[in-house]
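Text of the file work-v4.tsv, holding TSV, C-alpha atoms:
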```
chain	number	residue	atom	x	y	z
E	12	MET	CA	-30.91	-8.86	-24.57
E	13	ARG	CA	-32.02	-8.33	-21.05
E	14	ALA	CA	-31.43	-5.02	-19.33
E	15	ARG	CA	-29.08	-6.51	-16.75
E	16	THR	CA	-26.93	-8.21	-19.39
E	17	LYS	CA	-26.70	-4.89	-21.16
E	18	THR	CA	-25.61	-3.14	-17.95
E	19	LEU	CA	-23.05	-5.84	-17.27
E	20	LEU	CA	-21.58	-5.56	-20.76
E	21	PHE	CA	-21.60	-1.79	-20.45
E	22	ILE	CA	-19.65	-1.97	-17.18
E	23	ILE	CA	-17.12	-4.49	-18.50
E	24	GLY	CA	-16.64	-2.48	-21.69
E	25	GLY	CA	-16.35	0.74	-19.70
E	26	ILE	CA	-13.68	-0.68	-17.38
E	27	ALA	CA	-11.74	-2.06	-20.36
E	28	VAL	CA	-11.80	1.31	-22.15
E	29	ILE	CA	-10.81	3.25	-19.03
E	30	ALA	CA	-8.07	0.77	-18.17
E	31	ALA	CA	-6.69	1.06	-21.70
E	32	ALA	CA	-6.81	4.87	-21.55
E	33	VAL	CA	-5.11	5.01	-18.15
E	34	GLY	CA	-2.56	2.45	-19.31
E	35	LEU	CA	-1.66	4.52	-22.37
E	36	VAL	CA	-1.41	7.72	-20.31
E	37	LEU	CA	0.87	6.04	-17.77
E	38	TYR	CA	2.96	4.52	-20.55
E	39	ALA	CA	3.39	7.96	-22.11
E	40	LEU	CA	4.33	9.41	-18.73
E	41	LYS	CA	6.63	6.50	-17.89
E	42	ASP	CA	9.69	8.64	-17.26
E	43	ASN	CA	7.78	11.26	-15.29
E	44	VAL	CA	6.14	8.73	-12.99
E	45	SER	CA	9.46	7.23	-11.93
E	46	LEU	CA	10.81	8.96	-8.86
E	47	TYR	CA	14.44	8.95	-9.94
E	48	PHE	CA	16.83	8.30	-12.83
E	49	THR	CA	19.55	5.68	-12.72
E	50	PRO	CA	23.16	6.71	-13.44
E	51	THR	CA	22.90	4.85	-16.79
E	52	GLN	CA	19.90	6.97	-17.75
E	53	VAL	CA	21.82	10.11	-16.79
E	54	PHE	CA	24.76	9.07	-18.97
E	55	ASN	CA	22.35	8.39	-21.85
E	56	LYS	CA	21.08	11.96	-21.34
E	57	GLU	CA	17.55	10.77	-20.54
E	58	ALA	CA	17.47	12.92	-17.42
E	59	PRO	CA	16.62	16.66	-17.61
E	60	LEU	CA	20.23	17.73	-17.14
E	61	ALA	CA	19.42	21.46	-17.14
E	62	HIS	CA	17.03	21.14	-14.21
E	63	SER	CA	16.98	19.62	-10.76
E	64	PHE	CA	16.25	15.89	-10.86
E	65	ARG	CA	16.61	12.81	-8.68
E	66	ILE	CA	19.18	10.13	-9.13
E	67	GLY	CA	18.96	6.74	-7.46
E	68	GLY	CA	21.08	3.66	-7.01
E	69	LEU	CA	23.48	2.10	-4.54
E	70	VAL	CA	26.16	3.94	-2.58
E	71	GLU	CA	29.38	2.47	-3.96
E	72	VAL	CA	31.30	0.57	-1.29
E	73	GLY	CA	34.33	2.52	-0.10
E	74	SER	CA	33.29	5.74	-1.82
E	75	VAL	CA	31.97	7.75	1.16
E	76	LYS	CA	34.32	10.55	2.19
E	77	ARG	CA	33.49	13.20	4.77
E	78	GLU	CA	35.09	16.63	4.81
E	79	THR	CA	36.51	18.08	8.00
E	80	ASP	CA	33.49	20.37	8.51
E	81	GLY	CA	31.54	17.22	9.41
E	82	LEU	CA	28.62	18.07	7.12
E	83	THR	CA	29.87	17.87	3.56
E	84	VAL	CA	30.05	14.35	2.25
E	85	HIS	CA	31.19	12.93	-1.07
E	86	PHE	CA	30.07	9.56	-2.36
E	87	ILE	CA	29.39	7.70	-5.59
E	88	ILE	CA	25.98	6.45	-6.68
E	89	THR	CA	26.16	3.39	-8.89
E	90	ASP	CA	23.73	1.09	-10.67
E	91	THR	CA	26.66	-1.34	-11.17
E	92	LEU	CA	26.93	-0.25	-14.83
E	93	LYS	CA	27.59	3.47	-14.49
E	94	SER	CA	28.61	5.61	-11.53
E	95	MET	CA	27.95	9.21	-10.61
E	96	PRO	CA	29.93	11.22	-8.02
E	97	VAL	CA	27.71	13.12	-5.60
E	98	THR	CA	28.42	15.95	-3.17
E	99	TYR	CA	25.99	16.73	-0.38
E	100	LYS	CA	26.06	19.12	2.54
E	101	GLY	CA	23.63	18.23	5.26
E	102	ILE	CA	22.43	15.51	7.59
E	103	LEU	CA	22.18	12.04	6.08
E	104	PRO	CA	19.37	9.64	7.04
E	105	ASP	CA	20.31	6.87	9.50
E	106	LEU	CA	19.94	4.16	6.89
E	107	PHE	CA	22.49	5.81	4.57
E	108	LYS	CA	25.21	3.16	4.22
E	109	GLU	CA	27.74	1.99	1.69
E	110	GLY	CA	26.26	-0.70	-0.54
E	111	LYS	CA	22.70	0.37	0.30
E	112	GLY	CA	20.02	2.15	-1.76
E	113	VAL	CA	19.90	5.93	-1.95
E	114	VAL	CA	17.92	8.60	-3.81
E	115	ALA	CA	19.42	12.09	-4.14
E	116	GLN	CA	17.79	15.23	-5.51
E	117	GLY	CA	19.92	17.96	-7.01
E	118	LYS	CA	21.63	19.18	-10.18
E	119	LEU	CA	24.41	17.88	-12.34
E	120	GLN	CA	27.05	20.62	-12.61
E	121	ALA	CA	29.56	21.26	-15.36
E	122	ASP	CA	32.27	19.34	-13.46
E	123	ASN	CA	30.13	16.19	-13.86
E	124	VAL	CA	29.51	16.07	-10.13
E	125	PHE	CA	25.93	15.79	-8.88
E	126	TYR	CA	25.30	18.43	-6.20
E	127	ALA	CA	22.51	17.07	-4.02
E	128	GLU	CA	20.14	19.20	-1.97
E	129	GLU	CA	18.36	16.23	-0.41
E	130	VAL	CA	19.46	12.65	0.19
E	131	LEU	CA	16.94	9.91	1.04
E	132	ALA	CA	17.71	6.33	2.03
E	133	LYS	CA	15.96	3.49	0.23
E	134	HIS	CA	15.63	0.20	2.07
E	135	ASP	CA	14.59	-3.16	0.67
E	136	GLU	CA	11.69	-5.47	1.53
E	137	ASN	CA	13.75	-8.03	3.46
E	138	TYR	CA	13.31	-8.14	7.22
E	139	MET	CA	15.41	-10.36	9.44
E	140	PRO	CA	17.07	-10.35	12.86
E	141	PRO	CA	20.73	-9.23	13.05
E	142	GLU	CA	22.01	-12.79	13.61
E	143	ALA	CA	20.38	-14.01	10.39
E	144	LYS	CA	21.84	-11.04	8.55
E	145	ASP	CA	25.33	-11.80	9.88
E	146	ALA	CA	24.99	-15.41	8.76
E	147	LEU	CA	23.87	-14.30	5.28
E	148	ASP	CA	26.71	-11.79	4.99
E	149	LYS	CA	29.24	-14.44	6.04
E	150	ALA	CA	27.86	-16.88	3.51
E	151	ALA	CA	28.05	-14.22	0.77
E	152	LYS	CA	31.63	-13.42	1.75
E	153	ALA	CA	32.62	-17.08	1.71
E	154	GLN	CA	30.95	-17.46	-1.67
E	155	SER	CA	32.76	-14.47	-3.15
E	156	ALA	CA	36.06	-15.75	-1.69
E	157	VAL	CA	35.46	-19.04	-3.42
E	158	ASN	CA	34.60	-17.27	-6.66
E	159	SER	CA	37.65	-15.04	-6.60
E	160	ALA	CA	39.80	-17.99	-5.58
E	161	SER	CA	38.77	-19.91	-8.66
E	162	ALA	CA	39.15	-16.84	-10.91
E	163	VAL	CA	42.34	-15.23	-9.64
E	164	PRO	CA	44.09	-17.42	-7.06
E	165	ALA	CA	46.63	-14.70	-6.23
E	166	THR	CA	44.06	-12.39	-4.62
E	167	ILE	CA	42.98	-14.67	-1.79
E	168	THR	CA	43.26	-12.96	1.55
E	169	PRO	CA	43.53	-15.18	4.59
E	170	ALA	CA	40.29	-15.35	6.58
E	171	LYS	CA	40.39	-13.41	9.83
I	26	MET	CA	-32.43	-29.14	0.33
I	27	ALA	CA	-32.08	-26.00	-1.70
I	28	ILE	CA	-31.38	-23.03	0.52
I	29	ASN	CA	-32.89	-19.85	-0.78
I	30	TRP	CA	-29.79	-17.66	-0.80
I	31	PHE	CA	-31.68	-14.79	-2.31
I	32	LYS	CA	-33.77	-14.60	0.82
I	33	TYR	CA	-30.87	-12.79	2.46
I	34	ALA	CA	-30.55	-10.38	-0.44
I	35	ALA	CA	-33.64	-8.70	0.99
I	36	PRO	CA	-32.67	-5.98	3.49
I	37	ALA	CA	-35.43	-7.07	5.87
I	38	SER	CA	-34.06	-10.59	6.33
I	39	PHE	CA	-30.40	-9.57	6.14
I	40	TYR	CA	-30.88	-7.08	8.98
I	41	GLY	CA	-31.44	-9.88	11.50
I	42	LEU	CA	-28.76	-12.16	10.04
I	43	ALA	CA	-26.17	-9.36	10.10
I	44	GLY	CA	-26.97	-8.66	13.73
I	45	LYS	CA	-26.37	-12.30	14.63
I	46	MET	CA	-23.09	-12.42	12.65
I	47	VAL	CA	-21.43	-9.34	14.19
I	48	PRO	CA	-20.14	-11.01	17.42
I	49	PHE	CA	-18.65	-13.89	15.42
I	50	PHE	CA	-16.38	-11.41	13.66
I	51	ALA	CA	-15.91	-8.77	16.37
I	52	TRP	CA	-14.60	-11.07	19.12
I	53	PRO	CA	-12.06	-12.97	16.99
I	54	ALA	CA	-10.93	-9.58	15.64
I	55	ALA	CA	-10.27	-8.29	19.16
I	56	ILE	CA	-8.48	-11.47	20.26
I	57	LEU	CA	-6.32	-11.69	17.12
I	58	PHE	CA	-5.52	-7.98	17.38
I	59	ALA	CA	-4.22	-8.42	20.93
I	60	LEU	CA	-2.27	-11.53	19.91
I	61	GLY	CA	-0.83	-9.85	16.79
I	62	ILE	CA	0.28	-6.77	18.74
I	63	TYR	CA	1.87	-9.00	21.39
I	64	ILE	CA	3.82	-11.10	18.87
I	65	GLY	CA	4.69	-8.02	16.83
I	66	PHE	CA	6.10	-6.06	19.74
I	67	PHE	CA	7.45	-8.69	22.13
I	68	VAL	CA	8.17	-11.88	20.18
I	69	ALA	CA	9.27	-10.72	16.73
I	70	PRO	CA	13.02	-9.99	16.66
I	71	THR	CA	14.66	-6.64	16.00
I	72	ASP	CA	15.34	-6.00	12.33
I	73	ALA	CA	18.96	-5.96	11.21
I	74	VAL	CA	18.64	-2.80	9.12
I	75	GLN	CA	15.82	-0.77	10.65
I	76	SER	CA	16.05	-1.98	14.28
I	77	GLU	CA	12.75	-1.26	16.09
I	78	ALA	CA	11.20	1.17	13.62
I	79	TYR	CA	10.17	-1.62	11.26
I	80	ARG	CA	7.49	-2.70	13.75
I	81	ILE	CA	5.18	-0.02	12.38
I	82	MET	CA	4.63	-2.39	9.46
I	83	PHE	CA	2.41	-4.59	11.64
I	84	ILE	CA	-0.18	-1.82	11.35
I	85	HIS	CA	0.93	-0.28	8.06
I	86	VAL	CA	0.96	-3.40	5.86
I	87	PRO	CA	-2.41	-5.00	6.84
I	88	VAL	CA	-4.16	-1.65	6.67
I	89	SER	CA	-2.64	-0.84	3.26
I	90	ILE	CA	-3.54	-4.25	1.82
I	91	LEU	CA	-7.10	-3.93	3.07
I	92	SER	CA	-7.48	-0.35	1.85
I	93	MET	CA	-6.97	-1.74	-1.68
I	94	PHE	CA	-8.99	-4.90	-1.11
I	95	ILE	CA	-11.95	-3.04	0.43
I	96	TYR	CA	-12.06	-0.82	-2.64
I	97	LEU	CA	-12.36	-3.83	-4.96
I	98	VAL	CA	-15.09	-5.37	-2.76
I	99	MET	CA	-16.89	-2.02	-2.65
I	100	ALA	CA	-16.70	-1.64	-6.43
I	101	GLY	CA	-17.91	-5.24	-6.79
I	102	TYR	CA	-20.94	-4.63	-4.59
I	103	ALA	CA	-21.64	-1.36	-6.39
I	104	ALA	CA	-21.50	-3.17	-9.75
I	105	LEU	CA	-23.84	-5.89	-8.46
I	106	GLY	CA	-26.27	-3.21	-7.31
I	107	LEU	CA	-26.08	-1.56	-10.72
I	108	ILE	CA	-26.56	-4.78	-12.70
I	109	PHE	CA	-29.10	-6.69	-10.63
I	110	ASN	CA	-30.73	-3.67	-9.03
I	111	THR	CA	-30.35	-5.26	-5.60
I	112	ARG	CA	-30.69	-2.66	-2.90
I	113	LEU	CA	-28.62	-4.57	-0.36
I	114	SER	CA	-25.53	-4.65	-2.62
I	115	SER	CA	-25.57	-0.88	-2.93
I	116	MET	CA	-26.01	-0.55	0.82
I	117	MET	CA	-22.99	-2.82	1.36
I	118	ALA	CA	-20.92	-0.60	-0.94
I	119	THR	CA	-21.99	2.46	1.03
I	120	ALA	CA	-21.22	0.68	4.31
I	121	LEU	CA	-17.68	-0.28	3.19
I	122	ALA	CA	-16.59	3.19	2.05
I	123	PRO	CA	-15.90	4.87	5.45
I	124	THR	CA	-13.77	1.93	6.65
I	125	GLY	CA	-11.87	1.92	3.37
I	126	ALA	CA	-11.23	5.65	3.67
I	127	LEU	CA	-10.09	5.20	7.28
I	128	PHE	CA	-7.69	2.42	6.28
I	129	ALA	CA	-6.28	4.40	3.35
I	130	PHE	CA	-5.73	7.32	5.71
I	131	ILE	CA	-4.02	5.14	8.36
I	132	ALA	CA	-1.86	3.59	5.62
I	133	LEU	CA	-0.66	7.04	4.52
I	134	TRP	CA	-0.27	8.29	8.08
I	135	THR	CA	1.72	5.33	9.41
I	136	GLY	CA	3.69	5.39	6.15
I	137	ALA	CA	4.70	8.99	6.84
I	138	LEU	CA	5.66	8.12	10.43
I	139	TRP	CA	7.77	5.25	9.08
I	140	GLY	CA	9.23	7.23	6.19
I	141	LYS	CA	10.63	10.09	8.26
I	142	PRO	CA	13.07	8.06	10.40
I	143	MET	CA	13.96	5.50	7.68
I	144	TRP	CA	13.99	7.34	4.35
I	145	GLY	CA	14.52	10.82	5.75
I	146	ALA	CA	11.25	12.26	4.40
I	147	TRP	CA	7.61	12.31	5.53
I	148	TRP	CA	6.42	12.28	1.98
I	149	VAL	CA	7.76	11.85	-1.55
I	150	TRP	CA	5.74	11.98	-4.74
I	151	ASP	CA	6.64	8.48	-5.79
I	152	ALA	CA	4.17	6.27	-7.65
I	153	ARG	CA	3.19	4.10	-4.66
I	154	LEU	CA	2.48	6.99	-2.29
I	155	THR	CA	0.72	9.12	-4.89
I	156	SER	CA	-1.58	6.33	-6.10
I	157	GLU	CA	-2.49	5.47	-2.49
I	158	LEU	CA	-3.35	9.14	-1.93
I	159	ILE	CA	-5.58	8.98	-5.02
I	160	LEU	CA	-7.27	5.93	-3.45
I	161	LEU	CA	-8.08	7.99	-0.34
I	162	PHE	CA	-9.54	10.73	-2.57
I	163	LEU	CA	-11.61	8.14	-4.45
I	164	TYR	CA	-13.10	6.91	-1.17
I	165	LEU	CA	-13.80	10.48	-0.03
I	166	GLY	CA	-15.25	11.30	-3.46
I	167	PHE	CA	-17.54	8.25	-3.29
I	168	ILE	CA	-18.78	9.25	0.18
I	169	ALA	CA	-19.26	12.90	-0.80
I	170	LEU	CA	-21.03	12.04	-4.07
I	171	GLN	CA	-23.49	9.74	-2.33
I	172	ALA	CA	-24.10	12.29	0.42
I	173	SER	CA	-24.81	15.05	-2.10
I	174	ILE	CA	-27.69	13.22	-3.82
I	175	ASP	CA	-30.94	13.11	-1.86
I	176	ASP	CA	-32.59	10.16	-3.61
I	177	PRO	CA	-30.77	7.06	-2.26
I	178	ARG	CA	-31.28	4.97	-5.41
I	179	ARG	CA	-29.83	7.69	-7.64
I	180	ALA	CA	-27.02	8.20	-5.12
I	181	ASP	CA	-26.28	4.46	-5.37
I	182	ARG	CA	-26.04	4.58	-9.15
I	183	ALA	CA	-23.82	7.67	-9.22
I	184	GLY	CA	-21.56	6.26	-6.52
I	185	ALA	CA	-21.38	2.88	-8.28
I	186	LEU	CA	-20.12	4.53	-11.46
I	187	LEU	CA	-17.35	6.35	-9.56
I	188	ALA	CA	-16.42	3.19	-7.62
I	189	ILE	CA	-16.19	1.08	-10.79
I	190	VAL	CA	-14.14	3.64	-12.70
I	191	GLY	CA	-11.83	4.14	-9.70
I	192	SER	CA	-11.08	0.43	-9.40
I	193	VAL	CA	-8.55	0.91	-12.25
I	194	ASN	CA	-6.36	2.59	-9.62
I	195	VAL	CA	-6.00	-0.51	-7.43
I	196	PRO	CA	-3.71	-2.55	-9.72
I	197	ILE	CA	-1.71	0.64	-10.29
I	198	ILE	CA	-1.07	0.91	-6.54
I	199	TYR	CA	-0.17	-2.75	-6.27
I	200	PHE	CA	2.21	-2.89	-9.22
I	201	SER	CA	3.60	0.66	-8.89
I	202	VAL	CA	6.73	-0.59	-7.12
I	203	LYS	CA	7.39	-2.97	-10.01
I	204	TRP	CA	6.58	-0.73	-12.94
I	205	TRP	CA	8.46	2.40	-11.89
I	206	ASN	CA	11.44	3.50	-9.85
I	207	THR	CA	10.00	4.31	-6.44
I	208	LEU	CA	11.42	5.11	-3.03
I	209	HIS	CA	8.96	2.64	-1.55
I	210	GLN	CA	10.39	-0.87	-1.37
I	211	GLY	CA	8.86	-3.85	-3.15
I	212	SER	CA	6.28	-6.20	-1.63
I	213	SER	CA	7.42	-8.37	1.26
I	214	ILE	CA	4.38	-10.60	0.93
I	215	LYS	CA	4.41	-12.23	-2.46
I	216	PHE	CA	2.10	-14.89	-3.79
I	217	SER	CA	4.89	-17.46	-3.72
I	218	ASP	CA	7.04	-16.46	-0.79
I	219	THR	CA	7.75	-13.84	1.85
I	220	SER	CA	11.05	-12.18	2.54
I	221	MET	CA	10.67	-12.08	6.28
I	222	HIS	CA	11.66	-13.83	9.47
I	223	ILE	CA	9.06	-16.35	10.68
I	224	ALA	CA	7.87	-14.50	13.84
I	225	MET	CA	7.56	-11.25	11.87
I	226	LYS	CA	5.52	-13.10	9.28
I	227	GLN	CA	3.22	-14.59	11.93
I	228	ALA	CA	2.59	-11.22	13.54
I	229	LEU	CA	1.87	-9.69	10.14
I	230	PHE	CA	-0.62	-12.35	9.07
I	231	ILE	CA	-2.39	-12.35	12.46
I	232	MET	CA	-2.74	-8.57	12.24
I	233	LEU	CA	-4.04	-8.92	8.69
I	234	ALA	CA	-6.66	-11.44	9.84
I	235	ALA	CA	-7.62	-9.19	12.79
I	236	CYS	CA	-8.06	-6.14	10.56
I	237	TRP	CA	-10.01	-8.20	8.03
I	238	LEU	CA	-12.45	-9.47	10.69
I	239	TYR	CA	-12.75	-5.95	12.08
I	240	VAL	CA	-13.72	-4.68	8.62
I	241	ILE	CA	-16.44	-7.35	8.29
I	242	ALA	CA	-17.83	-6.67	11.79
I	243	VAL	CA	-17.91	-2.91	11.44
I	244	THR	CA	-19.39	-3.11	7.93
I	245	LEU	CA	-22.21	-5.35	9.16
I	246	VAL	CA	-22.99	-2.92	11.97
I	247	ARG	CA	-22.95	-0.03	9.52
I	248	VAL	CA	-25.10	-1.77	6.92
I	249	ARG	CA	-27.68	-2.48	9.65
I	250	SER	CA	-28.05	1.22	10.39
I	251	ILE	CA	-28.18	2.02	6.67
I	252	ILE	CA	-30.98	-0.56	6.25
I	253	LEU	CA	-32.91	0.93	9.18
I	254	GLU	CA	-32.47	4.45	7.87
I	255	ARG	CA	-33.59	3.65	4.34
I	256	GLU	CA	-36.47	1.36	5.32
I	257	ARG	CA	-37.68	3.47	8.23
I	258	ASN	CA	-41.14	3.87	6.73
I	259	THR	CA	-41.76	0.17	6.19
I	260	GLN	CA	-43.94	-2.17	8.18
I	261	TRP	CA	-41.16	-4.56	9.22
I	262	VAL	CA	-39.00	-1.84	10.74
I	263	SER	CA	-41.85	-0.52	12.83
I	264	GLU	CA	-42.43	-4.07	14.12
I	265	LEU	CA	-38.79	-4.57	15.23
I	266	ALA	CA	-38.47	-5.11	18.97
I	267	GLU	CA	-35.68	-2.54	19.32
I	268	VAL	CA	-37.67	0.09	17.40
I	269	ARG	CA	-40.83	-0.40	19.46
I	270	GLU	CA	-38.84	-0.30	22.67
I	271	GLY	CA	-37.24	2.96	21.55
I	272	GLU	CA	-40.66	4.49	20.87
I	273	ARG	CA	-42.07	3.47	24.25
I	274	SER	CA	-39.29	5.02	26.29
```
Please re-express this file's structure in structure tokens.
Amino acid sequence: MRARTKTLLFIIGGIAVIAAAVGLVLYALKDNVSLYFTPTQVFNKEAPLAHSFRIGGLVEVGSVKRETDGLTVHFIITDTLKSMPVTYKGILPDLFKEGKGVVAQGKLQADNVFYAEEVLAKHDENYMPPEAKDALDKAAKAQSAVNSASAVPATITPAK
Amino acid sequence: MAINWFKYAAPASFYGLAGKMVPFFAWPAAILFALGIYIGFFVAPTDAVQSEAYRIMFIHVPVSILSMFIYLVMAGYAALGLIFNTRLSSMMATALAPTGALFAFIALWTGALWGKPMWGAWWVWDARLTSELILLFLYLGFIALQASIDDPRRADRAGALLAIVGSVNVPIIYFSVKWWNTLHQGSSIKFSDTSMHIAMKQALFIMLAACWLYVIAVTLVRVRSIILERERNTQWVSELAEVREGERS
């Protein structure tokens, strides 16, 4: 075997071994590498409930309520399977919106409410001008109207 | 008919070739950069969610992609140098490292500038951001390791080992947004499709091409000075027109 073949095999073998080792380490640390837990994971007690942790998901539509002091806000984080009520006192990021992604850091208290110390907005990878977004939203609305019409005819609301 | 490709694996013949190639990459890079910035800032529409702040991606995305790609190319050259003992490959690896480090830094920096107004935080320890930070440290480690060893051939070998081992990090960066829950959004540019408006996409790809050409141009310039520095005691360097001119003046 020539020296260069040996070096080549050594490098390929080395990369394979290191990749396997790193892969196993990352697999073992799977839960620690993730930035946040989903509400389902919290309900399954996979989150460190005694400590501060992050919870992530969507802000449930219609759930945002502000208190009269203008700073305290209550909302619900959902992953569409489970929901978690959150209370936060502070300034929300501009992208914080109902139906949009959010990551909150804080602690789950005994009253089963998550008291957040920090709230971050998570946006998606889709970029489009406002007109295109309006068109998409309208199409989605029309689609859901059609769906609900076929499922429960009584709930149709007349289009505005 | 057969062109002797290996001729240009010799630093002495590549030095001249690289010098001739630089303008062919530098000028298109400058033109595409101007065009990409123009389309990105004046033609591409406002984003529905992030309004004007999304435009930072025209720098952030190309630079981030290339910071990963440059690392793979650098590790590839380093491996070639290790296997075939070709001096030029190792010099190319050394020449790529500073640009890679610069791009990794710009990726993190523009990412922070984008993260503060959109997410509400300059920095979070999510998998994407952390693995990109590790990439910057790998580049800096490669540069520091090579600089700390006096004998250039031994420096090449030590650096090559670090570069090859570190290449494991690149797929981790790329797939981090898929494998784990991260604050960073998923990829807008996928192999099959993009989730972007057409003018945004054009600006992004033009900027990517501009950055790519810039990397090639600046690496060729840098590898030329590395060749000169390492071969300074050879006959062919002393016979170069620019060297003799420099000695006369």
With chain E as the partner and 6 Å as the cut-off, tabulate the residues of chain I that qualify, each row holding the nearest pair of atoms and their distance in Å to one decimal, using only C-alpha atoms, sorted by chain and rising number, as JSON lines.
```
{"residue": "I:Pro70", "atom": "CA", "partner": "E:Pro140", "partner_atom": "CA", "distance": 5.6}
{"residue": "I:Thr71", "atom": "CA", "partner": "E:Pro140", "partner_atom": "CA", "distance": 5.4}
{"residue": "I:Asp72", "atom": "CA", "partner": "E:Pro140", "partner_atom": "CA", "distance": 4.7}
{"residue": "I:Ala73", "atom": "CA", "partner": "E:Pro141", "partner_atom": "CA", "distance": 4.1}
{"residue": "I:Ile108", "atom": "CA", "partner": "E:Arg15", "partner_atom": "CA", "distance": 5.1}
{"residue": "I:Trp144", "atom": "CA", "partner": "E:Ala132", "partner_atom": "CA", "distance": 4.5}
{"residue": "I:Gly145", "atom": "CA", "partner": "E:Pro104", "partner_atom": "CA", "distance": 5.2}
{"residue": "I:Asp151", "atom": "CA", "partner": "E:Leu46", "partner_atom": "CA", "distance": 5.2}
{"residue": "I:Val193", "atom": "CA", "partner": "E:Ala30", "partner_atom": "CA", "distance": 5.9}
{"residue": "I:Trp205", "atom": "CA", "partner": "E:Ser45", "partner_atom": "CA", "distance": 4.9}
{"residue": "I:Asn206", "atom": "CA", "partner": "E:Ser45", "partner_atom": "CA", "distance": 4.7}
{"residue": "I:Thr207", "atom": "CA", "partner": "E:Leu46", "partner_atom": "CA", "distance": 5.3}
{"residue": "I:Leu208", "atom": "CA", "partner": "E:Lys133", "partner_atom": "CA", "distance": 5.8}
{"residue": "I:Gln210", "atom": "CA", "partner": "E:Asp135", "partner_atom": "CA", "distance": 5.2}
{"residue": "I:Gly211", "atom": "CA", "partner": "E:Glu136", "partner_atom": "CA", "distance": 5.7}
{"residue": "I:Ser213", "atom": "CA", "partner": "E:Glu136", "partner_atom": "CA", "distance": 5.2}
{"residue": "I:Ser220", "atom": "CA", "partner": "E:Asn137", "partner_atom": "CA", "distance": 5.0}
{"residue": "I:Met221", "atom": "CA", "partner": "E:Tyr138", "partner_atom": "CA", "distance": 4.8}
{"residue": "I:His222", "atom": "CA", "partner": "E:Met139", "partner_atom": "CA", "distance": 5.1}
```
Next on the checklist: Under the rule that all atoms listed in the file are counted, which of E:Leu69, E:Val75, E:Ala61, E:Val84 is the nearest residue to Gln120 (chain E)?
Outcome noted: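 Among the listed residues, E:Ala61 lies closest to Gln120 (chain E).
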Checklist entry - Any idea what the distance is between CA of Lys118 (chain E) and CA of Thr98 (chain E)? => result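 Spanning CA of Lys118 (chain E) to CA of Thr98 (chain E) is a straight-line distance of 10.3 Å.
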Next on the checklist: For a test of reading the model, state the distance in Å between CA of Ser92 (chain I) and CA of Ala126 (chain I), rounded to one decimal.
Outcome noted: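 Going from CA of Ser92 (chain I) over to CA of Ala126 (chain I) covers 7.3 Å.
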Checklist entry - Using only C-alpha atoms, which of I:Lys215, I:Phe200, I:Ile241, I:Glu157 sits nearest Pro53 (chain I)? => result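 Checking each of I:Lys215, I:Phe200, I:Ile241, I:Glu157 against Pro53 (chain I), counting only C-alpha atoms, the winner is I:Ile241.
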Item to check | Atomic distance CA of Thr91 (chain E) - CA of Ala115 (chain E), expressed in Å with one decimal | outcome: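 Straight-line distance from CA of Thr91 (chain E) to CA of Ala115 (chain E) works out to 16.8 Å.
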Next on the checklist: So that I can check the surroundings of Ile251 (chain I), please list as a list in words every protein, DNA and RNA residue that reaches within 12 Å of it, counting all atoms listed in the file and ignoring chain neighbours fewer than 2 positions away.
Outcome noted: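 These residues fall inside the cut-off: Pro36, Ala37, Phe39, Tyr40, Arg112, Leu113, Ser114, Ser115, Met116, Met117, Ala118, Thr119, Ala120, Leu121, Pro177, Thr244, Leu245, Val246, Arg247, Val248, Arg249, Leu253, Glu254, Arg255, Glu256 and Arg257 of chain I.
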Checklist entry - Excluding same-chain residues fewer than 5 positions from Gly191 (chain I), what lies within 9 Å of it counting all atoms listed in the file, as a list in words? => result Tyr96, Ala100, Leu160, Leu163 and Leu186 of chain I
Output file for the selection above: C-alpha atoms, as an mmCIF file, in the frame of the given file:
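For reference, out15.cif as written:
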```cif
data_model
loop_
_atom_site.group_PDB
_atom_site.id
_atom_site.type_symbol
_atom_site.label_atom_id
_atom_site.label_comp_id
_atom_site.auth_asym_id
_atom_site.auth_seq_id
_atom_site.Cartn_x
_atom_site.Cartn_y
_atom_site.Cartn_z
ATOM 1 C CA TYR I 96 -12.060 -0.820 -2.640
ATOM 2 C CA ALA I 100 -16.700 -1.640 -6.430
ATOM 3 C CA LEU I 160 -7.270 5.930 -3.450
ATOM 4 C CA LEU I 163 -11.610 8.140 -4.450
ATOM 5 C CA LEU I 186 -20.120 4.530 -11.460
#
```
Item to check | Option closest in space to Thr51 (chain E), from E:Ile66, E:Ala32, E:Ala146, E:Ala151 [counting all atoms listed in the file] | outcome: E:Ile66
Next on the checklist: Residues near Ser74 (chain E), anyone? I mean within 8 Å using all atoms listed in the file, not counting same-chain ones fewer than 3 positions away, as a list in words.
Outcome noted: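 After dropping sequence-adjacent residues, the list is Val70, Glu71, His85, Phe86, Ile87 and Glu109 of chain E.
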